[in-house]
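Q: Sending over a structure as structure tokens; questions will come in a sec.
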Amino acid sequence: MAAAPQAPGRGSVRKTRPLTVKTSLNNPYAICWSALEREHMHFILQTLEDRFKSLGLRKMEDKKKRRKQFLKKPSPDRCGTEVEKSEGLKEKPPEGSEQGSGWTPVDVRKQLAIGINEVTRALERNGLLLVLVCRSAKPAILTSHLIQLSLSRAVPACQVPRLSERLAPVIGLKCVLALGFKKTTTAFDAEVRAIIPRVPSLHVPWLQGRPEDSGASLDTASSESRDREVLDTSFEDLAKQKRKLVGSQQAVVLQPLKIKKLIPNPNKIRKPPKGKKTTSK
């Protein structure tokens, strides 16, 4: 058997590095966006484009500020003189001139959630009525988490092709990968009501029997009545009722997880805790 390789210029044997172990599991469920019909796609894009143009929502950028970023910084000796001259030459802009960088109707902008991160935060707070996602977002994992979020919050959502191409130049942005309409919206109330019936329903295997907001109050009332009955019944009667409820509900089939790769740790190296220090006797 060949000897272990030795380090150059040393007598000790080189230690082998421990193997890095990473466990990864494949998801047996295939989650994807529901297909949107072509007629509904054209209707959604046209209504939103017309509404944005009528409201005049647009992000304005001040070109002077962008130019100053590329200019060189003046020397410290000239700073004082240049500042004094600039203060003397400054004049108030005319009333009809353009404003600085920002959104033109601020009130309308607050009624929307633009971008993947902003839409995700609004969905987590349960503050949206409708979610639209652009189909050109790559990789697809950027927007796949919005399927479970929107379905768990009972918010209609769909993937619209060419959403960014049609709406981004109207608003003054480079791209619009996700667009959400908040519950406090008043400017897009009619558009949201017209778009929601055309949005296809989403499908997530572990959220099949989840109730919507409309039926949530009925479920709470029935649960309260069941709790009152529980206090008056015995343990055997409760077991029978549970069996009836399980039989009436739809059976959920659990699929096993497939292990991609499994590497054991033969050395079983355990690191000492950071707080304790070894004391030499």
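Naming works like this for the structure tokens: A, B, ... for the chains as they're shown, residue 1 at the start of each chain, ligands 1 onward in shown order.
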Using only C-alpha atoms, determine which residues lie at most 9 Å from Ser201 (chain A), disregarding the query and same-chain residues fewer than 4 positions distant; provide the list as a ChimeraX atom specification.

A: /A:34,151,156-158

Q: Residues as selected, all heavy atoms, written as a short mmCIF file (atom, residue, chain, number, x, y, z; two decimals), in the first residue's frame, can you do that?

A:
```cif
data_model
loop_
_atom_site.label_atom_id
_atom_site.label_comp_id
_atom_site.auth_asym_id
_atom_site.auth_seq_id
_atom_site.Cartn_x
_atom_site.Cartn_y
_atom_site.Cartn_z
N SER A 34 -50.90 28.93 -14.15
CA SER A 34 -51.98 28.50 -15.05
C SER A 34 -51.94 29.31 -16.33
O SER A 34 -51.59 30.49 -16.33
CB SER A 34 -53.34 28.67 -14.36
OG SER A 34 -53.39 27.92 -13.17
N LEU A 151 -52.08 32.23 -3.42
CA LEU A 151 -53.15 31.26 -3.15
C LEU A 151 -53.43 31.16 -1.65
O LEU A 151 -54.58 31.00 -1.25
CB LEU A 151 -52.76 29.89 -3.71
CG LEU A 151 -53.85 28.82 -3.66
CD1 LEU A 151 -55.09 29.26 -4.41
CD2 LEU A 151 -53.34 27.51 -4.23
N PRO A 156 -56.23 36.54 -6.39
CA PRO A 156 -56.08 36.07 -7.77
C PRO A 156 -54.79 36.57 -8.38
O PRO A 156 -54.44 37.74 -8.27
CB PRO A 156 -57.31 36.65 -8.48
CG PRO A 156 -57.76 37.77 -7.62
CD PRO A 156 -57.39 37.44 -6.22
N ALA A 157 -54.08 35.66 -9.04
CA ALA A 157 -52.79 35.98 -9.65
C ALA A 157 -52.62 35.18 -10.93
O ALA A 157 -53.12 34.06 -11.04
CB ALA A 157 -51.63 35.69 -8.70
N CYS A 158 -51.90 35.75 -11.89
CA CYS A 158 -51.66 35.06 -13.15
C CYS A 158 -50.39 35.62 -13.79
O CYS A 158 -49.90 36.69 -13.41
CB CYS A 158 -52.84 35.19 -14.11
SG CYS A 158 -53.10 36.86 -14.71
#
```

Q: Can you list, as a PyMOL selection string, every protein, DNA or RNA residue that comes within 8 Å of Leu36 (chain A) when you count only C-alpha atoms, leaving out same-chain residues fewer than 6 positions away?

A: chain A and resi 158-160+199-200

Q: Write out as a PyMOL selection string the residues lying within 10 Å of Glu191 (chain A), counting only C-alpha atoms and excluding same-chain residues fewer than 4 positions away.

A: chain A and resi 44+47-48+51+187+195-196

Q: Excluding region 112-117 of chain A and its own-chain neighbours fewer than 3 positions away, which residues fall within 10 Å of it when counting only C-alpha atoms? Please give them as a PyMOL selection string.

A: chain A and resi 107-109+120-123+127-128+131-133+137+142-143+146+175-185+187-188

Q: Store the residues picked out above, limited to N, CA and C atoms, as a short mmCIF file (atom, residue, chain, number, x, y, z; two decimals), in the first residue's frame.

A:
```
data_model
loop_
_atom_site.label_atom_id
_atom_site.label_comp_id
_atom_site.auth_asym_id
_atom_site.auth_seq_id
_atom_site.Cartn_x
_atom_site.Cartn_y
_atom_site.Cartn_z
N ASP A 107 -49.85 59.87 -5.03
CA ASP A 107 -51.00 59.14 -4.47
C ASP A 107 -51.31 57.88 -5.28
N VAL A 108 -51.18 57.96 -6.59
CA VAL A 108 -51.45 56.79 -7.43
C VAL A 108 -50.35 55.74 -7.25
N ARG A 109 -49.12 56.20 -7.09
CA ARG A 109 -48.01 55.25 -6.91
C ARG A 109 -48.15 54.45 -5.62
N THR A 120 -43.99 40.84 -3.07
CA THR A 120 -43.85 39.80 -2.05
C THR A 120 -44.15 40.34 -0.67
N ARG A 121 -43.61 41.51 -0.34
CA ARG A 121 -43.88 42.10 0.98
C ARG A 121 -45.36 42.43 1.15
N ALA A 122 -45.98 42.94 0.10
CA ALA A 122 -47.40 43.28 0.20
C ALA A 122 -48.27 42.03 0.34
N LEU A 123 -47.90 40.94 -0.32
CA LEU A 123 -48.65 39.69 -0.17
C LEU A 123 -48.49 39.11 1.24
N GLY A 127 -52.17 42.59 1.73
CA GLY A 127 -52.67 43.90 1.36
C GLY A 127 -52.90 44.09 -0.12
N LEU A 128 -53.08 43.00 -0.89
CA LEU A 128 -53.27 43.11 -2.34
C LEU A 128 -54.61 42.52 -2.76
N VAL A 131 -52.60 40.28 -8.47
CA VAL A 131 -51.17 40.19 -8.75
C VAL A 131 -51.00 39.75 -10.20
N LEU A 132 -50.17 40.49 -10.94
CA LEU A 132 -49.84 40.16 -12.33
C LEU A 132 -48.33 40.02 -12.44
N VAL A 133 -47.88 38.94 -13.08
CA VAL A 133 -46.45 38.62 -13.19
C VAL A 133 -46.11 38.54 -14.66
N ALA A 137 -39.77 36.88 -17.00
CA ALA A 137 -38.87 36.87 -15.84
C ALA A 137 -38.07 35.57 -15.83
N LEU A 142 -37.65 33.10 -9.74
CA LEU A 142 -37.82 34.46 -9.22
C LEU A 142 -39.28 34.75 -8.86
N THR A 143 -40.20 34.20 -9.63
CA THR A 143 -41.62 34.48 -9.42
C THR A 143 -42.43 33.25 -9.00
N LEU A 146 -44.52 33.32 -5.69
CA LEU A 146 -45.75 34.12 -5.64
C LEU A 146 -47.00 33.27 -5.84
N CYS A 175 -38.09 47.73 -16.65
CA CYS A 175 -38.85 46.48 -16.70
C CYS A 175 -39.85 46.47 -15.54
N VAL A 176 -40.92 45.72 -15.74
CA VAL A 176 -41.95 45.51 -14.71
C VAL A 176 -42.20 44.00 -14.65
N LEU A 177 -41.50 43.32 -13.75
CA LEU A 177 -41.63 41.86 -13.65
C LEU A 177 -42.83 41.44 -12.82
N ALA A 178 -43.31 42.28 -11.93
CA ALA A 178 -44.47 41.96 -11.11
C ALA A 178 -45.21 43.25 -10.79
N LEU A 179 -46.54 43.15 -10.76
CA LEU A 179 -47.39 44.31 -10.51
C LEU A 179 -48.55 43.88 -9.62
N GLY A 180 -48.71 44.60 -8.51
CA GLY A 180 -49.78 44.29 -7.57
C GLY A 180 -50.64 45.51 -7.30
N PHE A 181 -51.94 45.29 -7.13
CA PHE A 181 -52.90 46.36 -6.84
C PHE A 181 -53.34 46.22 -5.39
N LYS A 182 -53.11 47.26 -4.60
CA LYS A 182 -53.39 47.21 -3.17
C LYS A 182 -54.89 47.33 -2.90
N LYS A 183 -55.27 46.93 -1.68
CA LYS A 183 -56.67 46.96 -1.29
C LYS A 183 -57.20 48.38 -1.11
N THR A 184 -56.28 49.32 -0.91
CA THR A 184 -56.68 50.72 -0.72
C THR A 184 -56.78 51.49 -2.03
N THR A 185 -56.70 50.80 -3.16
CA THR A 185 -56.71 51.49 -4.45
C THR A 185 -58.08 52.04 -4.78
N ALA A 187 -57.97 54.40 -7.78
CA ALA A 187 -57.76 54.77 -9.18
C ALA A 187 -57.92 53.57 -10.11
N PHE A 188 -57.68 52.36 -9.61
CA PHE A 188 -57.75 51.15 -10.44
C PHE A 188 -58.87 50.21 -9.99
#
```

Q: To one decimal place, how far is CA of Pro161 (chain A) from CA of Cys134 (chain A) in Å?

A: 5.8 Å

Q: Neighbours of Thr104 (chain A) within 12 Å (only C-alpha atoms; same-chain residues fewer than 2 positions away dropped), as a ChimeraX atom specification?

A: /A:52,55-61,98-102,106-110,171-172
